[in-house]
>>> print(open('entry.tsv').read())   # TSV, C-alpha atoms
chain	number	residue	atom	x	y	z
A	27	MET	CA	120.29	152.61	130.75
A	28	ARG	CA	121.74	151.28	127.49
A	29	ALA	CA	124.65	148.82	127.88
A	30	LEU	CA	127.86	149.74	126.04
A	31	THR	CA	130.74	147.72	124.74
A	32	ASP	CA	133.82	147.64	126.90
A	33	PHE	CA	137.19	145.94	126.73
A	34	GLN	CA	140.08	145.15	129.04
A	35	LEU	CA	143.72	144.46	128.18
A	36	THR	CA	145.39	141.74	130.28
A	37	PRO	CA	149.22	141.57	129.97
A	38	GLY	CA	150.55	138.11	129.16
A	39	SER	CA	152.78	136.14	131.49
A	40	GLY	CA	156.00	134.54	130.25
A	41	ASP	CA	155.94	133.87	126.52
A	42	ALA	CA	152.16	134.35	126.33
A	43	GLY	CA	151.07	137.61	124.75
A	44	ALA	CA	148.49	140.12	125.97
A	45	VAL	CA	144.78	139.28	125.83
A	46	LEU	CA	142.18	141.86	124.77
A	47	ALA	CA	138.85	140.83	126.27
A	48	PHE	CA	135.59	142.42	125.10
A	49	SER	CA	132.44	142.47	127.21
A	50	GLY	CA	128.84	143.63	126.79
A	51	PRO	CA	126.98	143.87	123.50
A	52	MET	CA	128.98	144.56	120.31
A	53	THR	CA	126.33	146.18	118.16
A	54	VAL	CA	126.11	149.35	116.10
A	55	SER	CA	124.30	151.17	118.90
A	56	SER	CA	126.82	150.28	121.59
A	57	LEU	CA	130.19	150.45	119.84
A	58	GLY	CA	130.57	154.22	119.35
A	59	LEU	CA	132.87	155.13	122.28
A	60	THR	CA	134.76	151.83	122.15
A	61	ASP	CA	135.48	152.26	118.45
A	62	GLN	CA	137.07	155.66	119.11
A	63	ARG	CA	139.28	154.14	121.83
A	64	LEU	CA	140.24	151.22	119.57
A	65	ARG	CA	141.36	153.55	116.77
A	66	ASP	CA	144.09	154.87	119.11
A	67	PHE	CA	144.91	151.39	120.40
A	68	GLY	CA	148.56	150.62	119.75
A	69	GLU	CA	149.31	147.69	122.12
A	70	SER	CA	150.55	144.31	120.96
A	71	VAL	CA	147.85	141.68	121.36
A	72	ALA	CA	148.10	137.89	121.04
A	73	LYS	CA	144.44	136.98	121.54
A	74	ILE	CA	141.06	138.69	121.27
A	75	ASP	CA	138.59	137.15	123.70
A	76	VAL	CA	134.90	137.66	122.87
A	77	SER	CA	133.50	135.03	125.25
A	78	ALA	CA	131.94	137.76	127.44
A	79	VAL	CA	130.18	139.45	124.50
A	80	SER	CA	126.44	139.10	124.96
A	81	ASP	CA	125.37	140.09	121.46
A	82	MET	CA	127.16	140.82	118.19
A	83	ASP	CA	125.96	142.21	114.87
A	84	THR	CA	127.77	142.87	111.58
A	85	VAL	CA	129.43	146.06	112.84
A	86	GLY	CA	130.73	144.26	115.91
A	87	ALA	CA	132.01	141.36	113.80
A	88	TRP	CA	133.78	143.78	111.46
A	89	THR	CA	135.41	145.55	114.47
A	90	VAL	CA	136.76	142.26	115.85
A	91	TRP	CA	137.94	141.08	112.43
A	92	ARG	CA	139.66	144.40	111.63
A	93	LEU	CA	141.47	144.38	114.98
A	94	SER	CA	142.53	140.77	114.40
A	95	ARG	CA	143.77	141.61	110.90
A	96	ASP	CA	145.80	144.66	112.07
A	97	THR	CA	147.38	143.02	115.14
A	98	GLY	CA	147.62	139.42	113.94
A	99	ALA	CA	145.79	138.30	117.11
A	100	GLU	CA	143.76	135.10	117.34
A	101	VAL	CA	140.04	135.45	118.03
A	102	VAL	CA	138.91	133.09	120.81
A	103	GLY	CA	135.71	132.45	122.73
A	104	CYS	CA	133.41	132.95	119.74
A	105	LYS	CA	129.83	131.78	119.91
A	106	GLU	CA	128.51	130.03	116.81
A	107	GLU	CA	126.58	133.05	115.48
A	108	ALA	CA	129.49	135.45	116.05
A	109	LYS	CA	131.88	133.03	114.33
A	110	ARG	CA	129.68	132.91	111.20
A	111	LEU	CA	129.52	136.70	111.08
A	112	ILE	CA	133.29	137.11	111.41
A	113	ASP	CA	133.89	134.46	108.72
A	114	ALA	CA	131.41	136.19	106.38
A	115	ILE	CA	133.08	139.57	106.93
A	116	SER	CA	136.53	138.16	106.20
A	117	GLN	CA	135.33	136.52	102.97
A	118	ALA	CA	133.56	139.69	101.79
A	119	ASP	CA	136.69	141.77	102.26
A	120	SER	CA	138.72	139.34	100.16
A	121	ASN	CA	136.74	140.29	97.03
A	122	ALA	CA	139.51	142.52	95.75
A	123	HIS	CA	138.48	142.16	92.11
A	124	SER	CA	135.28	143.73	90.79
A	125	ILE	CA	132.63	141.34	89.58
A	126	ARG	CA	131.59	141.80	85.96
A	127	ALA	CA	129.09	139.92	83.88
A	128	PRO	CA	130.61	137.97	80.99
A	129	ARG	CA	130.67	140.13	77.85
A	130	LEU	CA	129.81	138.61	74.50
A	131	PRO	CA	132.08	139.14	71.49
A	132	LEU	CA	131.36	142.17	69.30
A	133	LEU	CA	129.86	140.12	66.45
A	134	GLU	CA	127.33	138.60	68.87
A	135	ARG	CA	126.79	141.65	71.10
A	136	VAL	CA	125.74	144.08	68.34
A	137	PRO	CA	123.09	141.80	66.75
A	138	GLU	CA	121.79	140.99	70.23
A	139	HIS	CA	121.44	144.69	71.09
A	140	VAL	CA	119.79	145.47	67.74
A	141	GLY	CA	117.44	142.53	68.23
A	142	ASP	CA	116.45	143.72	71.71
A	143	VAL	CA	115.76	147.23	70.37
A	144	MET	CA	113.65	145.91	67.49
A	145	ILE	CA	111.68	143.60	69.79
A	146	GLY	CA	111.10	146.53	72.16
A	147	LEU	CA	109.88	148.72	69.29
A	148	GLY	CA	107.59	145.93	68.09
A	149	ARG	CA	106.08	145.45	71.54
A	150	GLY	CA	105.64	149.21	71.93
A	151	PHE	CA	103.90	149.41	68.56
A	152	LEU	CA	101.52	146.60	69.53
A	153	GLN	CA	100.77	148.29	72.87
A	154	VAL	CA	100.00	151.60	71.13
A	155	LEU	CA	97.82	149.72	68.63
A	156	GLY	CA	95.97	148.07	71.53
A	157	PHE	CA	95.53	151.45	73.23
A	158	LEU	CA	94.11	152.87	69.99
A	159	GLY	CA	91.70	149.92	69.86
A	160	GLN	CA	90.50	150.72	73.39
A	161	ILE	CA	89.88	154.32	72.32
A	162	ILE	CA	87.83	153.18	69.31
A	163	LEU	CA	85.78	150.86	71.53
A	164	SER	CA	85.21	153.70	74.02
A	165	ILE	CA	84.08	156.06	71.24
A	166	GLY	CA	81.72	153.35	69.94
A	167	SER	CA	80.32	152.90	73.44
A	168	LEU	CA	79.83	156.68	73.79
A	169	ILE	CA	77.98	156.77	70.43
A	170	ARG	CA	75.60	154.08	71.68
A	171	HIS	CA	75.20	155.87	75.05
A	172	PRO	CA	75.65	159.60	74.31
A	173	SER	CA	74.50	160.59	77.80
A	174	ARG	CA	77.83	159.28	79.16
A	175	PHE	CA	79.84	161.70	77.04
A	176	ARG	CA	81.45	164.40	79.19
A	177	GLY	CA	80.73	167.62	77.35
A	178	LYS	CA	82.13	169.88	80.06
A	179	ALA	CA	85.42	167.97	80.04
A	180	LEU	CA	85.59	168.37	76.26
A	181	ILE	CA	85.04	172.15	76.49
A	182	HIS	CA	87.61	172.41	79.27
A	183	GLN	CA	90.21	170.53	77.25
A	184	MET	CA	89.46	172.63	74.15
A	185	GLU	CA	90.13	175.72	76.22
A	186	LEU	CA	93.42	174.32	77.53
A	187	VAL	CA	94.62	173.04	74.16
A	188	GLY	CA	93.36	175.85	71.96
A	189	VAL	CA	92.44	179.12	73.65
A	190	ASN	CA	95.25	179.14	76.20
A	191	SER	CA	97.89	178.50	73.53
A	192	LEU	CA	96.83	181.24	71.12
A	193	ALA	CA	99.41	183.72	72.40
A	194	ILE	CA	102.48	181.50	72.17
A	195	ILE	CA	101.48	179.93	68.84
A	196	GLY	CA	100.61	183.34	67.38
A	197	LEU	CA	103.92	184.90	68.43
A	198	MET	CA	105.91	181.91	67.20
A	199	SER	CA	104.13	181.87	63.83
A	200	PHE	CA	104.54	185.63	63.36
A	201	LEU	CA	108.29	185.35	63.97
A	202	VAL	CA	108.63	182.29	61.72
A	203	GLY	CA	106.86	184.21	58.95
A	204	ILE	CA	109.38	187.04	59.32
A	205	VAL	CA	112.30	184.59	59.17
A	206	ILE	CA	110.95	182.84	56.06
A	207	ALA	CA	110.36	186.14	54.27
A	208	GLN	CA	113.77	187.54	55.21
A	209	GLN	CA	115.78	184.44	54.30
A	210	GLY	CA	113.69	183.79	51.19
A	211	ALA	CA	114.19	187.34	49.95
A	212	VAL	CA	117.96	187.12	50.48
A	213	GLN	CA	118.22	183.92	48.42
A	214	LEU	CA	115.77	184.97	45.70
A	215	ARG	CA	117.50	188.36	45.28
A	216	GLN	CA	120.49	186.54	43.77
A	217	PHE	CA	118.25	185.55	40.84
A	218	GLY	CA	116.30	188.81	40.67
A	219	ALA	CA	113.17	187.00	41.87
A	220	GLU	CA	112.35	188.78	45.12
A	221	ILE	CA	108.73	189.08	44.08
A	222	TYR	CA	108.39	185.30	44.59
A	223	THR	CA	108.86	185.81	48.30
A	224	VAL	CA	105.08	186.10	48.43
A	225	ASN	CA	104.72	182.63	46.89
A	226	LEU	CA	107.31	181.18	49.25
A	227	VAL	CA	105.74	182.57	52.41
A	228	GLY	CA	102.15	181.78	51.38
A	229	ARG	CA	102.61	178.20	50.22
A	230	LEU	CA	105.09	177.24	52.94
A	231	THR	CA	103.02	178.51	55.84
A	232	LEU	CA	99.62	177.30	54.61
A	233	ARG	CA	100.83	173.92	53.42
A	234	GLU	CA	103.58	172.86	55.83
A	235	LEU	CA	104.95	175.09	58.55
A	236	GLY	CA	101.68	176.36	59.96
A	237	VAL	CA	100.30	172.98	60.96
A	238	LEU	CA	103.70	171.36	61.60
A	239	MET	CA	104.94	174.04	63.99
A	240	THR	CA	101.55	174.06	65.67
A	241	ALA	CA	101.70	170.29	66.19
A	242	ILE	CA	105.16	170.61	67.74
A	243	MET	CA	103.99	173.37	70.07
A	244	VAL	CA	100.87	171.45	71.08
A	245	ALA	CA	102.98	168.33	71.69
A	246	GLY	CA	105.32	170.24	73.99
A	247	ARG	CA	102.55	172.09	75.78
A	248	SER	CA	99.43	169.91	75.82
A	249	GLY	CA	100.81	166.43	75.06
A	250	SER	CA	103.22	166.67	77.97
A	251	ALA	CA	100.42	167.99	80.20
A	252	PHE	CA	98.23	164.99	79.28
A	253	ALA	CA	101.00	162.55	80.23
A	254	ALA	CA	101.75	164.33	83.52
A	255	GLN	CA	98.08	164.68	84.54
A	256	ILE	CA	97.09	161.08	83.79
A	257	GLY	CA	100.38	159.71	85.16
A	258	THR	CA	99.85	161.54	88.46
A	259	MET	CA	96.29	160.22	88.65
A	260	LYS	CA	97.65	156.70	88.12
A	261	LEU	CA	100.15	157.14	90.97
A	262	THR	CA	97.51	158.46	93.36
A	263	GLU	CA	95.23	155.54	92.38
A	264	GLU	CA	92.52	157.90	91.13
A	265	VAL	CA	92.30	155.89	87.89
A	266	ASP	CA	91.78	152.66	89.85
A	267	ALA	CA	89.15	154.42	91.98
A	268	MET	CA	87.30	155.45	88.81
A	269	ARG	CA	87.22	151.83	87.64
A	270	THR	CA	86.00	150.74	91.08
A	271	ILE	CA	82.97	153.03	90.96
A	272	GLY	CA	82.17	152.02	87.37
A	273	VAL	CA	83.60	155.00	85.48
A	274	SER	CA	85.72	154.16	82.43
A	275	PRO	CA	89.02	156.10	82.49
A	276	MET	CA	89.15	155.87	78.71
A	277	GLU	CA	85.79	157.64	78.40
A	278	ALA	CA	86.40	160.15	81.19
A	279	LEU	CA	90.08	161.02	80.68
A	280	VAL	CA	91.32	159.93	77.27
A	281	VAL	CA	88.46	160.49	74.81
A	282	PRO	CA	87.76	164.15	75.76
A	283	ARG	CA	91.45	165.01	75.41
A	284	ILE	CA	91.79	163.31	72.03
A	285	VAL	CA	88.58	164.78	70.60
A	286	ALA	CA	89.46	168.26	71.88
A	287	THR	CA	92.93	168.12	70.33
A	288	MET	CA	91.58	166.85	66.99
A	289	ILE	CA	89.02	169.68	66.89
A	290	MET	CA	91.43	172.45	67.88
A	291	MET	CA	94.39	171.45	65.70
A	292	PRO	CA	92.85	172.56	62.33
A	293	LEU	CA	91.80	175.87	63.88
A	294	LEU	CA	95.21	176.42	65.45
A	295	GLY	CA	96.97	175.38	62.22
A	296	PHE	CA	94.99	177.88	60.15
A	297	TYR	CA	95.54	180.55	62.81
A	298	SER	CA	99.29	179.81	62.78
A	299	ALA	CA	99.47	180.02	58.96
A	300	PHE	CA	97.57	183.32	59.00
A	301	LEU	CA	99.93	184.85	61.57
A	302	GLY	CA	102.91	183.56	59.55
A	303	ILE	CA	101.62	185.34	56.46
A	304	ILE	CA	101.09	188.51	58.50
A	305	GLY	CA	104.70	188.28	59.68
A	306	GLY	CA	105.92	187.84	56.09
A	307	ALA	CA	103.82	190.78	54.90
A	308	PHE	CA	105.13	192.92	57.76
A	309	LEU	CA	108.77	192.26	56.85
A	310	SER	CA	108.14	192.61	53.11
A	311	SER	CA	106.56	196.03	53.61
A	312	LEU	CA	109.62	197.16	55.58
A	313	THR	CA	112.49	195.70	53.55
A	314	LEU	CA	111.20	194.68	50.07
A	315	GLY	CA	109.01	197.64	49.30
A	316	ILE	CA	105.89	195.45	48.88
A	317	PRO	CA	102.91	197.19	50.52
A	318	PHE	CA	101.29	195.21	53.33
A	319	PHE	CA	97.84	194.84	51.72
A	320	THR	CA	99.36	194.19	48.28
A	321	PHE	CA	101.24	191.26	49.85
A	322	LEU	CA	97.99	189.84	51.25
A	323	GLN	CA	96.22	190.33	47.90
A	324	ARG	CA	99.03	188.53	46.07
A	325	ILE	CA	98.73	185.62	48.51
A	326	GLN	CA	95.16	185.01	47.28
A	327	GLU	CA	96.38	185.00	43.67
A	328	VAL	CA	99.49	182.82	43.93
A	329	VAL	CA	98.54	180.23	46.58
A	330	PRO	CA	96.31	177.45	45.19
A	331	LEU	CA	93.29	176.52	47.26
A	332	HIS	CA	94.42	172.92	47.65
A	333	ASP	CA	97.39	174.12	49.75
A	334	VAL	CA	94.86	175.24	52.35
A	335	TRP	CA	93.14	171.85	52.21
A	336	VAL	CA	96.46	170.05	52.57
A	337	GLY	CA	97.14	171.85	55.85
A	338	ILE	CA	93.62	171.39	57.17
A	339	THR	CA	93.60	167.68	56.24
A	340	LYS	CA	96.82	166.95	58.10
A	341	ALA	CA	95.89	168.88	61.25
A	342	PRO	CA	93.37	166.40	62.82
A	343	VAL	CA	95.76	163.50	62.20
A	344	PHE	CA	98.58	165.37	63.91
A	345	GLY	CA	96.20	166.21	66.77
A	346	LEU	CA	95.32	162.52	67.15
A	347	ILE	CA	99.01	161.59	67.27
A	348	VAL	CA	99.86	164.25	69.88
A	349	ALA	CA	96.93	163.40	72.18
A	350	LEU	CA	97.38	159.64	71.72
A	351	ALA	CA	101.08	159.86	72.67
A	352	GLY	CA	100.36	161.96	75.78
A	353	CYS	CA	97.48	159.82	77.05
A	354	TYR	CA	99.24	156.53	76.26
A	355	GLN	CA	102.42	157.49	78.12
A	356	GLY	CA	100.37	158.78	81.05
A	357	MET	CA	98.47	155.50	81.34
A	358	GLN	CA	101.77	153.55	81.36
A	359	VAL	CA	102.96	155.17	84.64
A	360	LYS	CA	103.10	152.50	87.36
A	361	ASN	CA	105.90	152.89	89.90
A	362	ASN	CA	106.94	156.32	91.16
A	363	ALA	CA	106.96	160.07	90.55
A	364	GLU	CA	110.23	159.84	88.65
A	365	GLU	CA	108.46	157.75	86.01
A	366	VAL	CA	105.97	160.60	85.46
A	367	GLY	CA	108.79	162.86	84.27
A	368	ALA	CA	110.28	160.13	82.08
A	369	ARG	CA	106.90	159.34	80.52
A	370	THR	CA	106.21	163.04	79.92
A	371	THR	CA	109.48	163.40	78.03
A	372	ALA	CA	108.73	160.20	76.11
A	373	ALA	CA	105.30	161.54	75.13
A	374	VAL	CA	106.78	164.70	73.61
A	375	VAL	CA	109.53	162.82	71.75
A	376	MET	CA	107.11	160.17	70.50
A	377	ALA	CA	104.59	162.77	69.28
A	378	ILE	CA	107.10	165.00	67.48
A	379	PHE	CA	108.91	162.07	65.84
A	380	THR	CA	105.66	160.49	64.63
A	381	VAL	CA	104.30	163.82	63.36
A	382	ILE	CA	107.42	164.51	61.29
A	383	VAL	CA	107.43	160.98	59.84
A	384	LEU	CA	103.74	161.26	58.94
A	385	ASP	CA	104.32	164.69	57.40
A	386	ALA	CA	106.85	163.13	55.01
A	387	PHE	CA	104.29	160.49	53.99
A	388	PHE	CA	101.65	163.20	53.53
A	389	ALA	CA	104.02	165.16	51.28
A	390	ILE	CA	104.52	162.13	49.01
A	391	PHE	CA	100.82	161.29	49.02
A	392	PHE	CA	99.61	164.78	48.09
A	393	THR	CA	102.25	165.02	45.36
A	394	GLU	CA	101.05	161.72	43.89
A	395	ILE	CA	97.41	162.91	43.75
A	396	GLY	CA	98.39	166.17	42.04
A	397	TRP	CA	98.33	168.52	45.03
A	398	GLY	CA	102.10	169.03	45.01
>>> encode(input="entry.tsv", output="structure tokens")
Amino acid sequence: MRALTDFQLTPGSGDAGAVLAFSGPMTVSSLGLTDQRLRDFGESVAKIDVSAVSDMDTVGAWTVWRLSRDTGAEVVGCKEEAKRLIDAISQADSNAHSIRAPRLPLLERVPEHVGDVMIGLGRGFLQVLGFLGQIILSIGSLIRHPSRFRGKALIHQMELVGVNSLAIIGLMSFLVGIVIAQQGAVQLRQFGAEIYTVNLVGRLTLRELGVLMTAIMVAGRSGSAFAAQIGTMKLTEEVDAMRTIGVSPMEALVVPRIVATMIMMPLLGFYSAFLGIIGGAFLSSLTLGIPFFTFLQRIQEVVPLHDVWVGITKAPVFGLIVALAGCYQGMQVKNNAEEVGARTTAAVVMAIFTVIVLDAFFAIFFTEIGWG
């Protein structure tokens, strides 16, 4: 049977006050009933005797100290260990003021924060560069030993990245084409130039929006999936198991995903631009009086061929960025499942930000070479 804490109140004689004597163990598992009785204890006490206490933990020490503080009684009969606990409890309770780290002045704090951010960005850039180097080495190794290339994994990833996303990318592009045609027609009508809606829809979708919106959709759909899949495999030590049996995770997990995304992005970008033009033609036939097939025929006349090449040229680069961000963030997962979610979000943000920045550089580059 488990021993419980008990106490006895002995009235004082003469000028001596009452003595509250505890007995038995004073631990968290034995103090429950006694603590309830002590909360209703209203007697005047001069001394608290703990000489008969066999064992005392932090909860017991806090109970004795609280009773001593409330009644002003002296604690007597303490063993050495119990005395240290009661002293530690009393000192901890005296920390009335919150502890804060010293804060630097504003003129020092802001440069320090900016410096930390820049150093973090620099280290992240070097890590991504190192990861890209590992991918290049893995591709070189696969070229020298083509039998190690996982063709089935490549086909599977192409299906996930490309075929399974046709519906959502097609619907999105069709609706974007309608929006561009509608808004473009409204603005051009002010100048009596509604006919140029065809030029606007054709050049914008083939050159910019088709591949850019596709990259954003693939980043949100496939890039996040890459990070979550590889991150989960890191947590369950499947990646370490692959290394143990002599299988390179870069060749088995990363390269097929990157190659599949780079192959499917030009196809998806062209498909997205085509559906955008269909959406523009659909709206123009309803609201502008331009027949559907006349709209498509005018597209061939007004859109230069290099606009198509601009979109197709950018697509594999965007695919590389999206897959690289997803796989890199997935391989950085180390601690817990919560990190998988954080890395997945980081993969999407990193991919979309980098794609938009690169698109701006592409726009300047193609303008400089005469494809503007």
>>> residues_near_point(input="entry.tsv", point="(97.2, 163.5, 66.7)", cutoff="9 Å", atoms="only C-alpha atoms", output="list in words")
Ala241, Ile284, Thr287, Met288, Met291, Ala341, Pro342, Val343, Phe344, Gly345, Leu346, Ile347, Val348, Ala349, Leu350, Ala351, Ala377 and Val381 of chain A
>>> closest_residue(input="entry.tsv", among="A:Arg63, A:Gly150, A:Val71, A:Phe48", to="A:Ala87", atoms="all atoms listed in the file")
A:Phe48
>>> closest_residue(input="entry.tsv", among="A:Lys73, A:Arg324, A:Arg149, A:Lys109", to="A:Gly86", atoms="all atoms listed in the file")
A:Lys109
>>> closest_residue(input="entry.tsv", among="A:Leu279, A:Leu152, A:Leu294, A:Glu134", to="A:Ser191", atoms="all atoms listed in the file")
A:Leu294
>>> closest_residue(input="entry.tsv", among="A:Gln358, A:Ala99, A:Ser77, A:Val237", to="A:Ala44", atoms="all atoms listed in the file")
A:Ala99
>>> atom_distance(input="entry.tsv", atom1="atom CA of A:Thr393", atom2="atom CA of A:Leu238")
17.5 Å
>>> residues_near_point(input="entry.tsv", point="(148.5, 151.2, 120.8)", cutoff="12 Å", atoms="all atoms listed in the file", output="list in words")
Leu35, Leu46, Arg63, Leu64, Arg65, Asp66, Phe67, Gly68, Glu69, Ser70, Val71, Leu93, Asp96 and Thr97 of chain A
>>> closest_residue(input="entry.tsv", among="A:Ala254, A:Leu235, A:Ile395, A:Met376", to="A:Leu147", atoms="only C-alpha atoms")
A:Met376
>>> residues_around(input="entry.tsv", residues="A:Asn190", least_positions_apart="3", cutoff="12 Å", atoms="all atoms listed in the file", output="list of chain:residue names")
A:His182, A:Gln183, A:Met184, A:Glu185, A:Leu186, A:Val187, A:Ala193, A:Ile194, A:Ile195, A:Gly196, A:Val244, A:Arg247, A:Ser248, A:Met290, A:Leu294
>>> closest_residue(input="entry.tsv", among="A:Leu384, A:Ile271, A:Ala389, A:Leu261", to="A:Val359", atoms="only C-alpha atoms")
A:Leu261
>>> residues_around(input="entry.tsv", residues="stretch 274-276 of chain A", least_positions_apart="2", cutoff="8 Å", atoms="only C-alpha atoms", output="PDB file with C-alpha atoms, in the coordinates of the input")
ATOM      1  CA  GLN A 160      90.500 150.720  73.390  1.00  0.00           C
ATOM      2  CA  ILE A 161      89.880 154.320  72.320  1.00  0.00           C
ATOM      3  CA  SER A 164      85.210 153.700  74.020  1.00  0.00           C
ATOM      4  CA  VAL A 265      92.300 155.890  87.890  1.00  0.00           C
ATOM      5  CA  MET A 268      87.300 155.450  88.810  1.00  0.00           C
ATOM      6  CA  ARG A 269      87.220 151.830  87.640  1.00  0.00           C
ATOM      7  CA  GLY A 272      82.170 152.020  87.370  1.00  0.00           C
ATOM      8  CA  ALA A 278      86.400 160.150  81.190  1.00  0.00           C
ATOM      9  CA  LEU A 279      90.080 161.020  80.680  1.00  0.00           C
ATOM     10  CA  VAL A 280      91.320 159.930  77.270  1.00  0.00           C
ATOM     11  CA  VAL A 281      88.460 160.490  74.810  1.00  0.00           C
TER      12      VAL A 281
END
